[in-house]
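First comes the structure, then the notes that go with it.
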Amino acid sequence: MTETEEPQTKETLLLRGYDLAADAAAINQAGRILRGGGIVAIPTETVYGLAGNALDPDATGKIYAAKGRPSDNPLIVHIDRLEEWPPLVRELPEEALLLARKFWPGPLTIILPKSGLVPDATSGGLDTVAVRMPWDPIARAVIRAAGMPLAAPSANRSGSPSPTTWRHCVDDLWGRVDAILQSHDCRVGVESTVLSLCREGGGAVRPRLLRPGAVTLEQLREVLGEVVVDRGVLEHLENGEKAHSPGMKYRHYAPAAEVVLVAGDREGFRGYIRDHERPGEYAICFEEDLPMVELPAFAYGKRGDHAAQAREIFRLLRELDRLGAKKIYVHAPEKDGVGLAVYNRLVRAAAFHIEQA
Ligand code: TXA
Ligand code: MG
């Protein structure tokens with residue numbers, strides 16, 4: 001924010017946990033702001049979201065402006081009840097219903113052809129719409145209080161690590177949004193799994209993973225059989241190559257510091273750091289690495305604890321920025337289960353700079 005801009009954020013609305021009754025006043029206030037066309041940062045189980053009326057192009061326009069987000073990068077629409085889904089889409093294939101039954105409410109976003117109800121401003125000009133029913137009771141209560149589906153991208157400034165606490169939202173968005181819900185830390189820590197169920201070439205539904213998350217590829221395959229992993233999940237798309245998900249094109253999740261992803265075992269990681277370290281550099285590593293790493297280091301969980309890594313990674317990237325880190329070496333996570341989601345975020349934070357130790 002420049003010094004001449006007046007902050008417009010009027011309040012943080014304090015919440016006390018998952019107690020909807022105790023927090024009714026704050027939730028209702030958020031609902032009023034949203035019904036009036038405003039935008040509010042809200043907790044979800046994955047990351048904090050910046051919510052606005054998904055069916056109102058003026059409200060979603062404010063979301064893009066507050067985040068500094070390119071207008072061709074579509075927003076996820078959040079619903080509270082299954083009945084809110086059919087009006088948003090042109091068809092609901094059986095695969096979609098199977099997944100919703102198994103994983104909703106929860107961290108899974110499903111992309112389908114959109115209906116006329118969804119403005120182009122929300123879908124970034126695409127003819128599809130991404131929908132998810134969050135698990136988070138506060139998020140769902142806010143949707144109910146607003147009385148409408150809510151578009152909500154992650155509540156960070158475009159490009160920076162996603163917010164997993166309300167303080168991160170204040171750091172990024174104070175003065176740019178109408179209110180911030182001062183609520184619990186996010187228990188998942190990385191954004192939802194994004195799966196397209198569109199028909200390719202007008203034929204059969206072809207499930208395609210666009211962003212891995214806490215609903216894992218393995219779980220999706222158990223329900224659907226074949227699921228294609230989009231090339232953009234792990235690889236850098238060439239200039240001019242078409243991205244199935246516009247978000248893949250943009251620099252993402254990146255702290256100010258340079259990030260290097262170092263793959264290999266404990267000895268390899270230690271050796272790589274010993275050969276490369278300079279002042280102002282830090283490591284993010286596994287708990288088991290801590291005694292061996294000769295740099296200021298923060299652990300993001302045990303090597304096999306993908307859930308802990310997901311919960312910690314964005315918070316640590318932000319923390320190291322606060323400490324003024326110039327360069328961060330991250331011991332690369334495993335690529336199975338929720339590890340794939342952590343790896344996908346880190347490879348982007350590192351601008352695809354991966355070293356094999
Ligand atoms: O967990 C989450 O999904 C969080 C919380 C707040 O719900 N939201 C979130 O939204 O991560 P956002 O906007 O930061 O990420 C949405 C991603 C973007 O990469 C976007 O390009 C992709 O989903 N996406 C959305 N709609 C799409 C569509 N119709 N087709 C392809 N990709 C789409
Ligand atoms: Mg985001």
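A note on labels: chains of the structure tokens are A, B, ... as shown, every chain counts residues from 1, and ligands are counted from 1 in their shown order.
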Per-residue nearest contacts of chain A to ligand 2 (9 Å; only C-alpha atoms and all ligand atoms) as CSV:
residue,atom,partner,partner_atom_place_in_ligand_line,distance
A:Val47,CA,ligand 2,1 (Mg),8.9
A:Gly49,CA,ligand 2,1 (Mg),8.6
A:Pro153,CA,ligand 2,1 (Mg),5.5
A:Ser154,CA,ligand 2,1 (Mg),4.3
A:Ala155,CA,ligand 2,1 (Mg),7.3
A:Asn156,CA,ligand 2,1 (Mg),7.0
A:Arg157,CA,ligand 2,1 (Mg),8.6
A:Ser158,CA,ligand 2,1 (Mg),7.0
A:Gly159,CA,ligand 2,1 (Mg),7.6
A:Ser160,CA,ligand 2,1 (Mg),8.4
A:Pro161,CA,ligand 2,1 (Mg),8.0
A:Ser162,CA,ligand 2,1 (Mg),6.1
A:Glu191,CA,ligand 2,1 (Mg),7.4
A:Gly247,CA,ligand 2,1 (Mg),7.8
A:His252,CA,ligand 2,1 (Mg),7.7
A:Tyr253,CA,ligand 2,1 (Mg),7.7
Identify, counting only C-alpha atoms and all ligand atoms, the protein, DNA and RNA residues located within 8 Å of ligand 1, and give them as a CSV table (one decimal) with all heavy atoms, in the first residue's frame.
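To be explicit, this is the file written out as result35.csv:
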chain,number,residue,atom,x,y,z
A,42,ILE,N,-11.8,-14.9,5.3
A,42,ILE,CA,-12.5,-15.9,6.2
A,42,ILE,C,-11.6,-17.1,6.3
A,42,ILE,O,-10.8,-17.5,5.4
A,42,ILE,CB,-13.9,-16.3,5.6
A,42,ILE,CG1,-13.7,-17.1,4.3
A,42,ILE,CG2,-14.8,-15.1,5.5
A,42,ILE,CD1,-15.0,-17.8,3.8
A,43,PRO,N,-11.7,-17.8,7.4
A,43,PRO,CA,-10.9,-19.1,7.6
A,43,PRO,C,-11.5,-20.2,6.8
A,43,PRO,O,-12.8,-20.2,6.6
A,43,PRO,CB,-11.0,-19.4,9.1
A,43,PRO,CG,-12.3,-18.8,9.5
A,43,PRO,CD,-12.5,-17.6,8.6
A,44,THR,N,-10.7,-21.1,6.2
A,44,THR,CA,-11.3,-22.4,5.8
A,44,THR,C,-10.3,-23.4,6.3
A,44,THR,O,-9.3,-23.1,6.9
A,44,THR,CB,-11.3,-22.5,4.2
A,44,THR,OG1,-10.1,-22.9,3.7
A,44,THR,CG2,-11.8,-21.2,3.5
A,45,GLU,N,-10.6,-24.7,6.1
A,45,GLU,CA,-9.7,-25.7,6.7
A,45,GLU,C,-8.4,-25.8,5.9
A,45,GLU,O,-7.3,-26.2,6.4
A,45,GLU,CB,-10.4,-27.1,6.6
A,45,GLU,CG,-10.5,-27.7,5.2
A,45,GLU,CD,-11.8,-27.3,4.5
A,45,GLU,OE1,-12.3,-26.2,4.8
A,45,GLU,OE2,-12.2,-28.0,3.6
A,46,THR,N,-8.3,-25.2,4.7
A,46,THR,CA,-7.1,-25.3,3.9
A,46,THR,C,-6.2,-24.1,4.1
A,46,THR,O,-5.2,-24.2,4.7
A,46,THR,CB,-7.4,-25.4,2.4
A,46,THR,OG1,-8.3,-24.3,2.0
A,46,THR,CG2,-8.1,-26.7,2.0
A,47,VAL,N,-6.7,-22.9,3.7
A,47,VAL,CA,-6.0,-21.6,3.9
A,47,VAL,C,-7.1,-20.6,4.1
A,47,VAL,O,-8.2,-20.9,3.8
A,47,VAL,CB,-5.1,-21.3,2.7
A,47,VAL,CG1,-4.0,-22.3,2.4
A,47,VAL,CG2,-5.9,-21.0,1.4
A,48,TYR,N,-6.7,-19.4,4.5
A,48,TYR,CA,-7.7,-18.3,4.6
A,48,TYR,C,-8.1,-17.9,3.1
A,48,TYR,O,-7.3,-17.9,2.2
A,48,TYR,CB,-7.2,-17.1,5.3
A,48,TYR,CG,-7.5,-17.2,6.8
A,48,TYR,CD1,-6.7,-18.1,7.6
A,48,TYR,CD2,-8.4,-16.4,7.4
A,48,TYR,CE1,-7.0,-18.1,9.0
A,48,TYR,CE2,-8.7,-16.4,8.8
A,48,TYR,CZ,-8.0,-17.3,9.5
A,48,TYR,OH,-8.2,-17.4,10.9
A,49,GLY,N,-9.4,-17.6,2.9
A,49,GLY,CA,-9.9,-17.2,1.6
A,49,GLY,C,-10.4,-15.8,1.7
A,49,GLY,O,-10.8,-15.3,2.7
A,50,LEU,N,-10.3,-15.1,0.5
A,50,LEU,CA,-10.9,-13.7,0.5
A,50,LEU,C,-12.2,-13.8,-0.3
A,50,LEU,O,-12.2,-14.0,-1.5
A,50,LEU,CB,-9.9,-12.8,-0.3
A,50,LEU,CG,-10.4,-11.3,-0.5
A,50,LEU,CD1,-10.7,-10.7,0.9
A,50,LEU,CD2,-9.3,-10.5,-1.2
A,51,ALA,N,-13.3,-13.7,0.5
A,51,ALA,CA,-14.6,-14.0,0.0
A,51,ALA,C,-15.4,-12.8,-0.5
A,51,ALA,O,-15.3,-11.7,0.1
A,51,ALA,CB,-15.4,-14.8,1.1
A,73,ASN,N,-7.4,-15.3,-14.1
A,73,ASN,CA,-7.2,-16.4,-13.2
A,73,ASN,C,-8.4,-16.7,-12.4
A,73,ASN,O,-8.7,-15.9,-11.5
A,73,ASN,CB,-6.0,-16.2,-12.3
A,73,ASN,CG,-5.5,-17.4,-11.6
A,73,ASN,OD1,-6.0,-18.5,-11.8
A,73,ASN,ND2,-4.5,-17.2,-10.7
A,74,PRO,N,-9.2,-17.7,-12.7
A,74,PRO,CA,-10.6,-17.9,-12.1
A,74,PRO,C,-10.6,-18.2,-10.6
A,74,PRO,O,-9.6,-18.6,-10.1
A,74,PRO,CB,-11.1,-19.1,-12.9
A,74,PRO,CG,-9.9,-19.8,-13.4
A,74,PRO,CD,-8.8,-18.8,-13.6
A,75,LEU,N,-11.7,-17.9,-10.0
A,75,LEU,CA,-11.9,-18.0,-8.6
A,75,LEU,C,-12.7,-19.3,-8.3
A,75,LEU,O,-13.5,-19.8,-9.1
A,75,LEU,CB,-12.7,-16.9,-8.0
A,75,LEU,CG,-12.2,-15.5,-8.4
A,75,LEU,CD1,-13.1,-14.4,-7.9
A,75,LEU,CD2,-10.8,-15.3,-7.8
A,76,ILE,N,-12.5,-19.9,-7.1
A,76,ILE,CA,-13.3,-21.1,-6.7
A,76,ILE,C,-14.5,-20.6,-6.0
A,76,ILE,O,-14.5,-19.6,-5.2
A,76,ILE,CB,-12.4,-21.9,-5.7
A,76,ILE,CG1,-11.2,-22.5,-6.4
A,76,ILE,CG2,-13.3,-23.0,-5.1
A,76,ILE,CD1,-10.2,-23.2,-5.5
A,78,HIS,N,-17.5,-21.3,-3.4
A,78,HIS,CA,-17.7,-22.1,-2.2
A,78,HIS,C,-19.2,-22.2,-1.8
A,78,HIS,O,-19.9,-21.1,-1.8
A,78,HIS,CB,-16.9,-21.5,-1.0
A,78,HIS,CG,-15.4,-21.5,-1.2
A,78,HIS,ND1,-14.8,-20.7,-2.2
A,78,HIS,CD2,-14.5,-22.2,-0.6
A,78,HIS,CE1,-13.5,-20.9,-2.1
A,78,HIS,NE2,-13.3,-21.8,-1.2
A,107,PRO,N,-11.5,-30.6,1.4
A,107,PRO,CA,-10.5,-29.9,0.6
A,107,PRO,C,-10.5,-30.4,-0.9
A,107,PRO,O,-9.4,-30.7,-1.4
A,107,PRO,CB,-9.2,-30.0,1.3
A,107,PRO,CG,-9.3,-31.3,2.0
A,107,PRO,CD,-10.8,-31.5,2.4
A,108,LEU,N,-11.6,-30.5,-1.5
A,108,LEU,CA,-11.6,-30.9,-2.9
A,108,LEU,C,-12.4,-29.9,-3.8
A,108,LEU,O,-13.6,-29.6,-3.4
A,108,LEU,CB,-12.2,-32.3,-3.1
A,108,LEU,CG,-12.4,-32.8,-4.5
A,108,LEU,CD1,-11.1,-33.0,-5.2
A,108,LEU,CD2,-13.3,-34.1,-4.6
A,109,THR,N,-11.8,-29.4,-4.9
A,109,THR,CA,-12.5,-28.5,-5.8
A,109,THR,C,-12.8,-29.2,-7.1
A,109,THR,O,-11.9,-29.8,-7.6
A,109,THR,CB,-11.7,-27.2,-6.0
A,109,THR,OG1,-11.5,-26.6,-4.7
A,109,THR,CG2,-12.3,-26.3,-7.0
A,111,ILE,N,-14.1,-29.0,-11.1
A,111,ILE,CA,-14.4,-28.1,-12.2
A,111,ILE,C,-15.3,-28.8,-13.2
A,111,ILE,O,-15.1,-29.9,-13.6
A,111,ILE,CB,-13.0,-27.7,-12.9
A,111,ILE,CG1,-12.2,-26.9,-11.9
A,111,ILE,CG2,-13.3,-26.9,-14.1
A,111,ILE,CD1,-10.8,-26.6,-12.4
A,112,LEU,N,-16.4,-28.0,-13.6
A,112,LEU,CA,-17.3,-28.5,-14.6
A,112,LEU,C,-17.8,-27.3,-15.5
A,112,LEU,O,-17.5,-26.2,-15.1
A,112,LEU,CB,-18.6,-29.0,-13.8
A,112,LEU,CG,-18.4,-30.4,-13.1
A,112,LEU,CD1,-19.6,-30.6,-12.1
A,112,LEU,CD2,-18.3,-31.5,-14.1
A,113,PRO,N,-18.4,-27.6,-16.6
A,113,PRO,CA,-18.9,-26.5,-17.4
A,113,PRO,C,-19.9,-25.6,-16.6
A,113,PRO,O,-20.7,-26.1,-15.9
A,113,PRO,CB,-19.6,-27.3,-18.6
A,113,PRO,CG,-19.0,-28.6,-18.6
A,113,PRO,CD,-18.7,-28.9,-17.2
A,123,SER,N,-15.3,-16.7,-13.4
A,123,SER,CA,-14.6,-17.8,-14.0
A,123,SER,C,-13.4,-17.4,-14.9
A,123,SER,O,-12.9,-18.2,-15.6
A,123,SER,CB,-15.6,-18.6,-14.9
A,123,SER,OG,-16.0,-17.8,-16.0
A,124,GLY,N,-13.0,-16.1,-14.7
A,124,GLY,CA,-11.8,-15.7,-15.4
A,124,GLY,C,-12.0,-15.8,-16.9
A,124,GLY,O,-11.0,-16.0,-17.7
A,126,LEU,N,-13.4,-18.2,-18.5
A,126,LEU,CA,-13.5,-19.6,-19.0
A,126,LEU,C,-15.0,-20.0,-19.0
A,126,LEU,O,-15.8,-19.4,-18.3
A,126,LEU,CB,-12.7,-20.5,-18.0
A,126,LEU,CG,-11.2,-20.3,-17.9
A,126,LEU,CD1,-10.6,-21.3,-16.9
A,126,LEU,CD2,-10.6,-20.5,-19.3
A,127,ASP,N,-15.3,-21.1,-19.7
A,127,ASP,CA,-16.7,-21.6,-19.7
A,127,ASP,C,-16.9,-22.7,-18.7
A,127,ASP,O,-17.8,-23.5,-18.8
A,127,ASP,CB,-17.1,-22.0,-21.1
A,127,ASP,CG,-16.3,-23.1,-21.7
A,127,ASP,OD1,-15.4,-23.6,-20.9
A,127,ASP,OD2,-16.6,-23.6,-22.8
A,128,THR,N,-16.0,-22.7,-17.7
A,128,THR,CA,-16.1,-23.7,-16.6
A,128,THR,C,-16.1,-23.0,-15.3
A,128,THR,O,-15.7,-21.9,-15.2
A,128,THR,CB,-14.9,-24.7,-16.7
A,128,THR,OG1,-13.7,-23.9,-16.6
A,128,THR,CG2,-14.9,-25.6,-17.9
A,129,VAL,N,-16.5,-23.8,-14.3
A,129,VAL,CA,-16.5,-23.2,-12.9
A,129,VAL,C,-16.0,-24.2,-11.9
A,129,VAL,O,-16.3,-25.4,-11.9
A,129,VAL,CB,-17.9,-22.6,-12.5
A,129,VAL,CG1,-19.0,-23.8,-12.4
A,129,VAL,CG2,-17.8,-21.9,-11.2
A,130,ALA,N,-15.2,-23.7,-11.0
A,130,ALA,CA,-14.6,-24.5,-9.9
A,130,ALA,C,-15.5,-24.4,-8.7
A,130,ALA,O,-15.8,-23.2,-8.3
A,130,ALA,CB,-13.2,-24.1,-9.6
A,131,VAL,N,-15.9,-25.5,-8.1
A,131,VAL,CA,-16.8,-25.4,-6.9
A,131,VAL,C,-16.3,-26.3,-5.8
A,131,VAL,O,-15.7,-27.4,-6.1
A,131,VAL,CB,-18.2,-25.9,-7.3
A,131,VAL,CG1,-19.1,-25.9,-6.0
A,131,VAL,CG2,-18.8,-25.0,-8.3
A,132,ARG,N,-16.4,-25.8,-4.6
A,132,ARG,CA,-16.0,-26.7,-3.4
A,132,ARG,C,-16.9,-26.4,-2.2
A,132,ARG,O,-17.4,-25.2,-2.0
A,132,ARG,CB,-14.5,-26.6,-3.1
A,132,ARG,CG,-14.1,-25.9,-1.8
A,132,ARG,CD,-12.6,-26.1,-1.6
A,132,ARG,NE,-12.1,-25.2,-0.6
A,132,ARG,CZ,-11.9,-25.6,0.7
A,132,ARG,NH1,-12.2,-26.8,1.1
A,132,ARG,NH2,-11.4,-24.7,1.6
A,134,PRO,N,-16.5,-26.3,1.6
A,134,PRO,CA,-15.4,-26.5,2.6
A,134,PRO,C,-15.9,-27.2,3.8
A,134,PRO,O,-17.1,-27.2,4.1
A,134,PRO,CB,-15.1,-25.0,2.9
A,134,PRO,CG,-16.3,-24.2,2.5
A,134,PRO,CD,-16.9,-25.0,1.4
A,152,ALA,N,-13.9,-17.4,-3.4
A,152,ALA,CA,-12.8,-17.1,-2.5
A,152,ALA,C,-11.5,-17.7,-2.9
A,152,ALA,O,-11.3,-18.9,-2.8
A,152,ALA,CB,-13.2,-17.7,-1.1
A,153,PRO,N,-10.6,-16.9,-3.4
A,153,PRO,CA,-9.2,-17.3,-3.7
A,153,PRO,C,-8.5,-17.2,-2.3
A,153,PRO,O,-9.0,-16.7,-1.4
A,153,PRO,CB,-8.7,-16.3,-4.6
A,153,PRO,CG,-9.4,-15.0,-4.3
A,153,PRO,CD,-10.8,-15.5,-3.8
A,154,SER,N,-7.3,-17.7,-2.3
A,154,SER,CA,-6.5,-17.6,-1.1
A,154,SER,C,-6.3,-16.1,-0.8
A,154,SER,O,-6.2,-15.3,-1.7
A,154,SER,CB,-5.1,-18.3,-1.2
A,154,SER,OG,-4.5,-17.9,-2.5
A,155,ALA,N,-6.3,-15.8,0.5
A,155,ALA,CA,-6.4,-14.3,1.0
A,155,ALA,C,-5.0,-13.7,1.1
A,155,ALA,O,-4.7,-13.1,2.1
A,155,ALA,CB,-7.2,-14.2,2.3
A,162,SER,N,0.4,-18.5,0.6
A,162,SER,CA,-1.0,-18.5,1.0
A,162,SER,C,-1.1,-18.3,2.6
A,162,SER,O,-0.2,-18.8,3.3
A,162,SER,CB,-1.8,-19.7,0.6
A,162,SER,OG,-1.8,-19.8,-0.8
A,190,VAL,N,-2.4,-26.2,3.1
A,190,VAL,CA,-2.2,-26.0,1.7
A,190,VAL,C,-3.6,-26.0,1.0
A,190,VAL,O,-4.6,-26.6,1.6
A,190,VAL,CB,-1.3,-27.0,0.9
A,190,VAL,CG1,0.1,-26.9,1.4
A,190,VAL,CG2,-1.8,-28.4,1.1
A,191,GLU,N,-3.7,-25.4,-0.1
A,191,GLU,CA,-5.0,-25.2,-0.8
A,191,GLU,C,-5.6,-26.5,-1.2
A,191,GLU,O,-4.9,-27.5,-1.4
A,191,GLU,CB,-4.9,-24.3,-2.0
A,191,GLU,CG,-4.3,-22.9,-1.7
A,191,GLU,CD,-2.8,-23.0,-1.8
A,191,GLU,OE1,-2.2,-24.1,-1.7
A,191,GLU,OE2,-2.2,-21.9,-2.0
A,192,SER,N,-6.9,-26.5,-1.5
A,192,SER,CA,-7.6,-27.7,-1.9
A,192,SER,C,-7.1,-28.3,-3.2
A,192,SER,O,-6.5,-27.7,-4.0
A,192,SER,CB,-9.1,-27.3,-2.2
A,192,SER,OG,-9.2,-26.4,-3.2
A,193,THR,N,-7.3,-29.6,-3.3
A,193,THR,CA,-7.1,-30.4,-4.5
A,193,THR,C,-8.0,-29.8,-5.6
A,193,THR,O,-9.2,-29.6,-5.3
A,193,THR,CB,-7.5,-31.9,-4.3
A,193,THR,OG1,-6.7,-32.3,-3.1
A,193,THR,CG2,-7.2,-32.7,-5.5
A,194,VAL,N,-7.5,-29.6,-6.8
A,194,VAL,CA,-8.4,-29.1,-7.9
A,194,VAL,C,-8.4,-30.2,-9.0
A,194,VAL,O,-7.4,-30.6,-9.5
A,194,VAL,CB,-7.8,-27.7,-8.5
A,194,VAL,CG1,-8.7,-27.3,-9.7
A,194,VAL,CG2,-7.9,-26.6,-7.4
A,196,SER,N,-10.4,-31.4,-12.6
A,196,SER,CA,-11.4,-31.1,-13.7
A,196,SER,C,-12.1,-32.3,-14.1
A,196,SER,O,-11.5,-33.4,-14.2
A,196,SER,CB,-10.6,-30.5,-14.9
A,196,SER,OG,-11.5,-30.5,-16.0
A,210,LEU,N,-5.4,-30.9,-11.5
A,210,LEU,CA,-4.8,-29.6,-11.8
A,210,LEU,C,-3.9,-29.1,-10.7
A,210,LEU,O,-3.0,-28.3,-10.9
A,210,LEU,CB,-5.8,-28.6,-12.2
A,210,LEU,CG,-6.6,-28.9,-13.5
A,210,LEU,CD1,-7.7,-27.8,-13.8
A,210,LEU,CD2,-5.8,-29.1,-14.7
A,211,ARG,N,-4.3,-29.4,-9.5
A,211,ARG,CA,-3.6,-29.0,-8.3
A,211,ARG,C,-3.7,-30.1,-7.2
A,211,ARG,O,-4.9,-30.3,-6.8
A,211,ARG,CB,-4.1,-27.6,-7.8
A,211,ARG,CG,-3.3,-27.1,-6.6
A,211,ARG,CD,-3.7,-25.7,-6.2
A,211,ARG,NE,-5.0,-25.7,-5.5
A,211,ARG,CZ,-5.6,-24.6,-5.1
A,211,ARG,NH1,-5.1,-23.4,-5.3
A,211,ARG,NH2,-6.8,-24.7,-4.5
A,244,HIS,N,-4.0,-25.7,-18.5
A,244,HIS,CA,-5.3,-26.1,-18.2
A,244,HIS,C,-5.9,-25.4,-17.0
A,244,HIS,O,-7.1,-25.2,-16.9
A,244,HIS,CB,-5.4,-27.7,-17.9
A,244,HIS,CG,-5.4,-28.5,-19.2
A,244,HIS,ND1,-4.3,-29.1,-19.7
A,244,HIS,CD2,-6.4,-28.7,-20.1
A,244,HIS,CE1,-4.5,-29.7,-20.8
A,244,HIS,NE2,-5.8,-29.5,-21.1
A,245,SER,N,-5.0,-24.9,-16.1
A,245,SER,CA,-5.5,-24.1,-15.0
A,245,SER,C,-4.7,-22.8,-15.1
A,245,SER,O,-3.4,-22.9,-15.0
A,245,SER,CB,-5.2,-24.8,-13.7
A,245,SER,OG,-5.6,-24.0,-12.6
A,246,PRO,N,-5.3,-21.7,-15.3
A,246,PRO,CA,-4.6,-20.4,-15.5
A,246,PRO,C,-3.6,-20.2,-14.3
A,246,PRO,O,-2.5,-19.6,-14.6
A,246,PRO,CB,-5.7,-19.4,-15.5
A,246,PRO,CG,-6.9,-20.1,-16.0
A,246,PRO,CD,-6.8,-21.5,-15.4
A,247,GLY,N,-3.9,-20.6,-13.1
A,247,GLY,CA,-3.0,-20.4,-12.0
A,247,GLY,C,-1.6,-20.9,-12.2
A,247,GLY,O,-0.7,-20.5,-11.5
A,248,MET,N,-1.5,-22.0,-13.0
A,248,MET,CA,-0.2,-22.6,-13.2
A,248,MET,C,0.8,-21.7,-13.9
A,248,MET,O,2.0,-21.9,-13.8
A,248,MET,CB,-0.4,-23.8,-14.1
A,248,MET,CG,-1.1,-25.0,-13.5
A,248,MET,SD,-1.4,-26.2,-14.7
A,248,MET,CE,-2.0,-27.5,-13.6
Please identify all polymer residues within 6 Å of Ala297 (chain A), counting only C-alpha atoms, omitting same-chain residues fewer than 2 positions from it, and present them as number ranges by chain. A: 282-284, 295
When DSSP is applied to the backbone of this structure, which of region 143-275 of chain A are assigned strand (DSSP E or B)? Write them out as an NGL selection string. :A and (150-151 or 154 or 179-182 or 193-196 or 199 or 205 or 208-211 or 228-229 or 258-263)
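Residues lying within 8 Å of Leu88 (chain A), counting only C-alpha atoms and ignoring same-chain neighbours fewer than 4 positions away, are A:Glu84, A:Lys114, A:Ser115, A:Gly116, A:Leu117, A:Val118, A:Val129.
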Could you check the closest approach to Pro105 (chain A) for each of A:Asp23, A:Arg231, A:Val215, A:Leu150 and tell me which residue wins, using only C-alpha atoms? A:Val215
Mind checking DSSP for region 12-174 of chain A and telling me the helix (DSSP H, G or I) residues as a PyMOL selection string? chain A and resi 24-35+57-67+82-84+86-88+94-103+120-123+137-146+166-173
Judged by only C-alpha atoms, the minimum distance to Ile143 (chain A) among A:Ile27, A:Ala254, A:Ala96, A:Val227 is found for A:Ile27
Can you write out as a Markdown table which residues of region 165-228 of chain A fall within 9 Å of region 315-319 of chain A, alongside each residue's closest atom pair and its distance in Å to one decimal, counting only C-alpha atoms and ordering rows by chain and ascending residue number?
| residue | atom | partner | partner_atom | distance |
| --- | --- | --- | --- | --- |
| A:Thr165 | CA | A:Arg315 | CA | 8.2 |
| A:His168 | CA | A:Arg318 | CA | 8.4 |
| A:Gly189 | CA | A:Arg315 | CA | 8.5 |
Shell of 8 Å around Ala263 (chain A), only C-alpha atoms, local chain residues under 3 positions omitted, as number ranges by chain: A: 269, 331-333, 354-357
Coordinates-based distance that separates CA of Ala141 (chain A) from CA of Glu91 (chain A) (Å, one decimal):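 Separating CA of Glu91 (chain A) from CA of Ala141 (chain A) is a distance of 26.9 Å.
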Using only C-alpha atoms, which residues of region 209-245 of chain A come within 12 Å of region 300-306 of chain A, and what is the closest atom pair for each, with the distance in Å to one decimal? Give it as CSV, sorted by chain and residue number.
residue,atom,partner,partner_atom,distance
A:Gly213,CA,A:His306,CA,10.9
A:Ala214,CA,A:His306,CA,9.5
A:Thr216,CA,A:His306,CA,11.3
Residues near region 221-226 of chain A, cut-off 10 Å, only C-alpha atoms, skip fewer than 5 positions along chain, as a PyMOL selection string: chain A and resi 95-96+98-99+102+206-208+216
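The shortest atom-to-atom distance to Ala146 (chain A), with only C-alpha atoms taken into account, belongs to A:Gln29 out of A:Gln29, A:Thr122, A:Gly61, A:Asp72.
With only C-alpha atoms as the atoms that count, the residue of A:Leu261, A:Leu13, A:Val347, A:Ala204 with the shortest distance to Pro93 (chain A) is A:Ala204.
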Quick one: residues within 12 Å of Gly271 (chain A), only C-alpha atoms counted, chain neighbours fewer than 3 positions away excluded, as a list in words? Val262, Ala263, Gly264, Asp265, Arg266, Glu267, Gly268, Arg274, Asp275, His276, Glu277, Asp289, Met292, Val293, Glu294, Leu295, His331, Gln356 and Ala357 of chain A
Keeping C-alpha atoms, export the residues of the selection given above as an mmCIF file, in the first residue's frame.
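result.cif, freshly written:
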data_model
loop_
_atom_site.group_PDB
_atom_site.id
_atom_site.type_symbol
_atom_site.label_atom_id
_atom_site.label_comp_id
_atom_site.auth_asym_id
_atom_site.auth_seq_id
_atom_site.Cartn_x
_atom_site.Cartn_y
_atom_site.Cartn_z
ATOM 1 C CA VAL A 262 17.176 -29.851 -2.546
ATOM 2 C CA ALA A 263 16.253 -33.494 -3.223
ATOM 3 C CA GLY A 264 18.129 -36.393 -1.679
ATOM 4 C CA ASP A 265 18.767 -38.170 1.621
ATOM 5 C CA ARG A 266 19.911 -36.615 4.881
ATOM 6 C CA GLU A 267 23.624 -36.901 4.097
ATOM 7 C CA GLY A 268 23.103 -35.444 0.643
ATOM 8 C CA ARG A 274 27.855 -27.343 3.605
ATOM 9 C CA ASP A 275 29.155 -26.676 0.089
ATOM 10 C CA HIS A 276 26.826 -23.778 -0.692
ATOM 11 C CA GLU A 277 25.905 -21.818 2.443
ATOM 12 C CA ASP A 289 17.915 -33.340 9.704
ATOM 13 C CA MET A 292 23.155 -32.246 11.184
ATOM 14 C CA VAL A 293 22.369 -29.061 9.304
ATOM 15 C CA GLU A 294 24.990 -26.335 9.642
ATOM 16 C CA LEU A 295 22.670 -23.400 8.954
ATOM 17 C CA HIS A 331 14.764 -30.432 1.860
ATOM 18 C CA GLN A 356 19.729 -33.289 -6.723
ATOM 19 C CA ALA A 357 22.054 -33.815 -3.738
#
